[in-house]
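Scroll down for the structure; my scribbles are underneath it.
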Amino acid sequence: MGAARAAHPRGTVTPDELRAWVAGIVEREMFAVDDPWPRTKAVHWPKESELLADVNAVHDANNALKDFAARHGCDVTCTARRVGARVMLVDHVTVPDERVALAIAGHRLRRERDRTLARAALLEETCGVTPDVAMPAVRRLRDETDVDFALFTAAAAWFGAHRGDIAAMTAREVPLEGFSAKWLGGARSQRRSAICTVLGVDALPLRERPEELRYRHLDPAAAGDPDRIAVTPQHEPERPVRRAIIVENKDTYQAMPAFVGAVCVFGSGFAATRVARLLPFLADCDVVYWGDVDAAGFEILSAVRASGIDCTSILMDRATYMRFMRFGTRLDARSHMIGAHEPLARTAMRLDDDEYALYRTLCAAGESQVPRIEQERIPIAHAVAALRAIGW
């Protein structure tokens, strides 16, 4: 009995691949303002000798493409090829419009695109903005519930009507009816940023809380000392300090062991950019930064350097990434997939070549790689070894 023939010829396009191609475009163009359709997919057939190797498979593959196109309302063009006799083989499949594309892409993506368009329309109507303004705000808030997006729309309209009334208020004092006082979040929150997008301003003119930064002395002589909180510039440390490590997350901050003449600073994300302002005594110290191995972690590292802190990174390299990748994640705290995003330009980043190369990898991480290894997933012993290796 002969070997079973291949389901379809090598190198050709299957209906499943067409479906995946359409779904990929729908995903990438989820927040498109202009209609991205029609789109055409080229179908490349093997050379004649390979076609003749299994004529039945060629006909089956060709008919499968025609059936897929007819079933979904796609247009096809054909070219004549000799497969024994001359046969008209599909060489292009065109998806004519978004309705067809969404039917092909499947229920999940169709529902998300419908929700995206409905949210943009609500924002345009409520706030009187154009689609070009509404859609970036919708993109920023793609993970918000429908309830929170409705609250956002109402908040954006309120701020638009009361711009001159809020300068003396904190975010929690804004008199939004039916809102939690915490709903707006801090100055860097996605909600406040999206409101600024709708209003066309850089920031809401609210009165912000004073900046603060937490740090603690690691010197064994400081055992039992309380943590320090800087709210004004600290020009002189409480104890002699030669070295400092800035860490991104609180668990790591609390776990950092004793080092003579050192302090540990709780960076808490982009709050680490306050170090230069609030802890100027670190200007004469050897400073190390250790954050999450993800795109945001490298953007924070770059921002810390741009703020005036000359620091070396540890455990934010490709070797660490490969070693601890199995403890990484493709999901955020809400169990949503972490999507790929456009990296910031090389010229805009205060990273060395190796750091920037890994940053680009993390921005583009897909199914084959994880886009985030949280700092806490790396044992503190590895940080101690890394610090010892640079002379701590």
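Lettering and numbering for the structure tokens are positional, with chains as A, B, ... in the shown order, residues counted from 1 in each chain, and ligands counted from 1 in the shown order.
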
Distance table requested - stretch 221-286 of chain A against stretch 292-295 of chain A, cut-off 10 Å, only C-alpha atoms: one row per qualifying residue with the closest atom pair and its distance in Å to one decimal, ordered by chain and rising residue number, as CSV.
```
residue,atom,partner,partner_atom,distance
A:Val247,CA,A:Asp292,CA,8.9
A:Glu248,CA,A:Asp292,CA,6.9
A:Asn249,CA,A:Asp292,CA,8.3
A:Gly269,CA,A:Asp292,CA,9.3
```

Which residues, written as a ChimeraX atom specification, have at least one atom at most 8 Å from stretch 96-111 of chain A, with only C-alpha atoms counted and residues fewer than 2 positions away on the same chain left out?
-> /A:19-20,22-23,26-27,35-39,72-75,94,113-115

Can you build me a table of stretch 250-366 of chain A residues sitting at most 7 Å from stretch 374-389 of chain A, with the closest atom pair per residue and its distance in Å to one decimal, using only C-alpha atoms, sorted by chain and residue number, as a Markdown table?
```
| residue | atom | partner | partner_atom | distance |
| --- | --- | --- | --- | --- |
| A:Asp251 | CA | A:Glu376 | CA | 6.7 |
| A:Thr252 | CA | A:Glu376 | CA | 6.1 |
| A:Gly291 | CA | A:Gln375 | CA | 5.9 |
| A:Asp292 | CA | A:Gln375 | CA | 4.6 |
| A:Val293 | CA | A:Glu374 | CA | 6.3 |
| A:Ile314 | CA | A:Ala386 | CA | 6.7 |
| A:Phe327 | CA | A:Arg377 | CA | 6.4 |
| A:Gly328 | CA | A:Glu374 | CA | 6.8 |
```

Would you export the selected residues with N, CA and C atoms as a tab-separated table (two decimals), in the first residue's frame, please?
```tsv
chain	number	residue	atom	x	y	z
A	251	ASP	N	8.31	43.97	46.95
A	251	ASP	CA	8.81	42.72	47.53
A	251	ASP	C	10.33	42.67	47.44
A	252	THR	N	10.87	43.07	46.30
A	252	THR	CA	12.32	43.06	46.12
A	252	THR	C	12.97	44.10	47.02
A	291	GLY	N	15.07	46.38	37.40
A	291	GLY	CA	13.62	46.41	37.23
A	291	GLY	C	13.10	45.16	36.56
A	292	ASP	N	11.82	45.15	36.24
A	292	ASP	CA	11.22	44.04	35.51
A	292	ASP	C	11.90	43.91	34.14
A	293	VAL	N	11.99	42.68	33.68
A	293	VAL	CA	12.50	42.45	32.32
A	293	VAL	C	11.29	42.49	31.39
A	314	ILE	N	21.36	45.81	36.33
A	314	ILE	CA	21.70	44.41	36.60
A	314	ILE	C	20.48	43.55	36.31
A	327	PHE	N	9.66	31.45	33.91
A	327	PHE	CA	8.88	32.10	34.96
A	327	PHE	C	8.22	33.40	34.48
A	328	GLY	N	8.37	33.68	33.18
A	328	GLY	CA	7.76	34.88	32.61
A	328	GLY	C	6.28	34.69	32.34
```

Those in stretch 177-366 of chain A with helix (DSSP H, G or I) from DSSP, as a PyMOL selection string | chain A and resi 190-199+220-222+250-255+269-278+280-284+295-306+318-327+346-348+353-364

Near-A:Ser193 list (9 Å; only C-alpha atoms; drop same-chain fewer than 4 positions) as a list of chain:residue names | A:Ala137, A:Arg140, A:Ala187, A:Arg188, A:Ser189, A:Thr197, A:Val198, A:Asp202, A:Ala203, A:Leu204

May I have the residues within 12 Å of A:Arg242 as a count of residues only, using only C-alpha atoms and disregarding those fewer than 3 positions away in the same chain?
-> 22

From the DSSP assignment of the backbone, select every residue of stretch 3-201 of chain A that is strand (DSSP E), and format the answer as a list in words.
->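 Of stretch 3-201 of chain A, only Arg39, Thr40, Lys41, Ala42, Asp75, Val76, Thr77, Cys78, Thr79, Ala80, Arg81, Arg82, Val83, Ala85, Arg86, Val87, Met88, Leu89, Val90, Asp91, His92, Val93, Thr94 and Val95 of chain A fall in strand (DSSP E).
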
Write the selection just made, keeping N, CA and C atoms, as a short mmCIF file (atom, residue, chain, number, x, y, z; two decimals), in the first residue's frame?
```cif
data_model
loop_
_atom_site.label_atom_id
_atom_site.label_comp_id
_atom_site.auth_asym_id
_atom_site.auth_seq_id
_atom_site.Cartn_x
_atom_site.Cartn_y
_atom_site.Cartn_z
N ARG A 39 -8.22 43.99 1.20
CA ARG A 39 -6.85 43.48 1.24
C ARG A 39 -6.78 42.21 0.38
N THR A 40 -5.65 42.04 -0.28
CA THR A 40 -5.47 40.90 -1.19
C THR A 40 -4.31 40.04 -0.74
N LYS A 41 -4.55 38.73 -0.73
CA LYS A 41 -3.52 37.75 -0.37
C LYS A 41 -3.09 36.99 -1.63
N ALA A 42 -1.79 37.02 -1.91
CA ALA A 42 -1.27 36.27 -3.06
C ALA A 42 -1.13 34.80 -2.70
N ASP A 75 -13.33 37.71 -3.35
CA ASP A 75 -13.06 37.65 -4.79
C ASP A 75 -11.77 36.90 -5.04
N VAL A 76 -11.71 36.19 -6.15
CA VAL A 76 -10.48 35.49 -6.52
C VAL A 76 -10.10 35.82 -7.95
N THR A 77 -8.81 35.78 -8.21
CA THR A 77 -8.32 35.79 -9.59
C THR A 77 -7.52 34.51 -9.78
N CYS A 78 -7.44 34.05 -11.02
CA CYS A 78 -6.79 32.77 -11.32
C CYS A 78 -5.76 32.95 -12.42
N THR A 79 -4.85 32.01 -12.45
CA THR A 79 -3.85 31.98 -13.51
C THR A 79 -3.79 30.56 -14.06
N ALA A 80 -3.52 30.45 -15.35
CA ALA A 80 -3.47 29.14 -15.98
C ALA A 80 -2.13 28.47 -15.70
N ARG A 81 -2.17 27.24 -15.17
CA ARG A 81 -0.96 26.45 -14.95
C ARG A 81 -1.19 25.06 -15.53
N ARG A 82 -0.12 24.41 -15.96
CA ARG A 82 -0.24 23.06 -16.51
C ARG A 82 -0.05 22.05 -15.39
N VAL A 83 -1.13 21.37 -15.09
CA VAL A 83 -1.12 20.29 -14.10
C VAL A 83 -1.67 19.06 -14.81
N ALA A 85 -3.25 18.68 -17.62
CA ALA A 85 -3.93 19.62 -18.52
C ALA A 85 -3.78 21.02 -17.95
N ARG A 86 -4.18 22.02 -18.74
CA ARG A 86 -4.14 23.39 -18.24
C ARG A 86 -5.28 23.61 -17.25
N VAL A 87 -4.93 24.13 -16.07
CA VAL A 87 -5.90 24.33 -15.01
C VAL A 87 -5.81 25.77 -14.53
N MET A 88 -6.96 26.37 -14.23
CA MET A 88 -6.99 27.73 -13.68
C MET A 88 -6.85 27.65 -12.16
N LEU A 89 -5.67 28.04 -11.67
CA LEU A 89 -5.40 27.99 -10.23
C LEU A 89 -5.56 29.37 -9.61
N VAL A 90 -6.14 29.41 -8.43
CA VAL A 90 -6.31 30.67 -7.70
C VAL A 90 -4.94 31.28 -7.43
N ASP A 91 -4.75 32.54 -7.83
CA ASP A 91 -3.47 33.20 -7.52
C ASP A 91 -3.62 34.40 -6.59
N HIS A 92 -4.84 34.89 -6.39
CA HIS A 92 -5.08 35.97 -5.42
C HIS A 92 -6.47 35.81 -4.81
N VAL A 93 -6.57 36.05 -3.52
CA VAL A 93 -7.85 36.09 -2.82
C VAL A 93 -7.99 37.47 -2.21
N THR A 94 -9.10 38.15 -2.51
CA THR A 94 -9.33 39.52 -2.02
C THR A 94 -10.50 39.54 -1.04
N VAL A 95 -10.24 40.05 0.16
CA VAL A 95 -11.29 40.28 1.14
C VAL A 95 -11.83 41.69 0.88
#
```

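Between atom CA of A:Ala357 and atom CA of A:Met30 the separation is 27.5 Å.
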
Would you list the contacts of A:Thr126 as a PyMOL selection string, taking every protein, DNA or RNA residue within 9 Å and counting only C-alpha atoms, but skipping same-chain residues closer than 3 positions in sequence?
-> chain A and resi 121-123+129+153-154+156-157

Just-selected residues, all heavy atoms written as a compact mmCIF listing (two decimals), in the first residue's frame:
```
# COMPACT_ATOMS: atom_id res chain seq x y z
N ALA A 121 -17.88 55.98 18.75
CA ALA A 121 -19.07 56.76 18.40
C ALA A 121 -19.66 57.45 19.63
O ALA A 121 -20.09 58.62 19.56
CB ALA A 121 -20.11 55.84 17.75
N LEU A 122 -19.68 56.75 20.78
CA LEU A 122 -20.19 57.35 22.01
C LEU A 122 -19.35 58.55 22.41
O LEU A 122 -19.88 59.61 22.79
CB LEU A 122 -20.18 56.31 23.13
CG LEU A 122 -20.54 56.80 24.53
CD1 LEU A 122 -21.98 57.30 24.57
CD2 LEU A 122 -20.33 55.69 25.56
N LEU A 123 -18.04 58.42 22.31
CA LEU A 123 -17.13 59.50 22.69
C LEU A 123 -17.28 60.69 21.75
O LEU A 123 -17.29 61.85 22.18
CB LEU A 123 -15.71 58.98 22.69
CG LEU A 123 -14.65 59.77 23.46
CD1 LEU A 123 -15.07 60.01 24.89
CD2 LEU A 123 -13.32 59.01 23.43
N VAL A 129 -15.98 65.27 19.57
CA VAL A 129 -14.65 65.15 18.97
C VAL A 129 -14.73 64.35 17.68
O VAL A 129 -15.72 63.68 17.40
CB VAL A 129 -13.66 64.48 19.94
CG1 VAL A 129 -13.45 65.35 21.16
CG2 VAL A 129 -14.14 63.09 20.35
N THR A 153 -16.30 58.46 29.59
CA THR A 153 -16.93 59.38 28.65
C THR A 153 -17.59 60.55 29.38
O THR A 153 -17.45 61.71 28.99
CB THR A 153 -17.96 58.64 27.78
OG1 THR A 153 -17.31 57.54 27.12
CG2 THR A 153 -18.58 59.54 26.74
N ALA A 154 -18.28 60.21 30.46
CA ALA A 154 -18.92 61.27 31.26
C ALA A 154 -17.86 62.18 31.89
O ALA A 154 -18.03 63.41 31.93
CB ALA A 154 -19.79 60.64 32.34
N ALA A 156 -14.78 62.80 30.77
CA ALA A 156 -14.16 63.63 29.73
C ALA A 156 -15.06 64.81 29.38
O ALA A 156 -14.57 65.94 29.21
CB ALA A 156 -13.86 62.78 28.50
N ALA A 157 -16.35 64.56 29.28
CA ALA A 157 -17.28 65.65 28.98
C ALA A 157 -17.31 66.67 30.12
O ALA A 157 -17.34 67.89 29.88
CB ALA A 157 -18.68 65.08 28.74
```

Counting only C-alpha atoms, figure out which residue out of A:Ala271, A:Leu199, A:Val133, A:Ile373 gets nearest to A:Gly186.
->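 Using only C-alpha atoms, A:Gly186 sits closest to A:Ala271.
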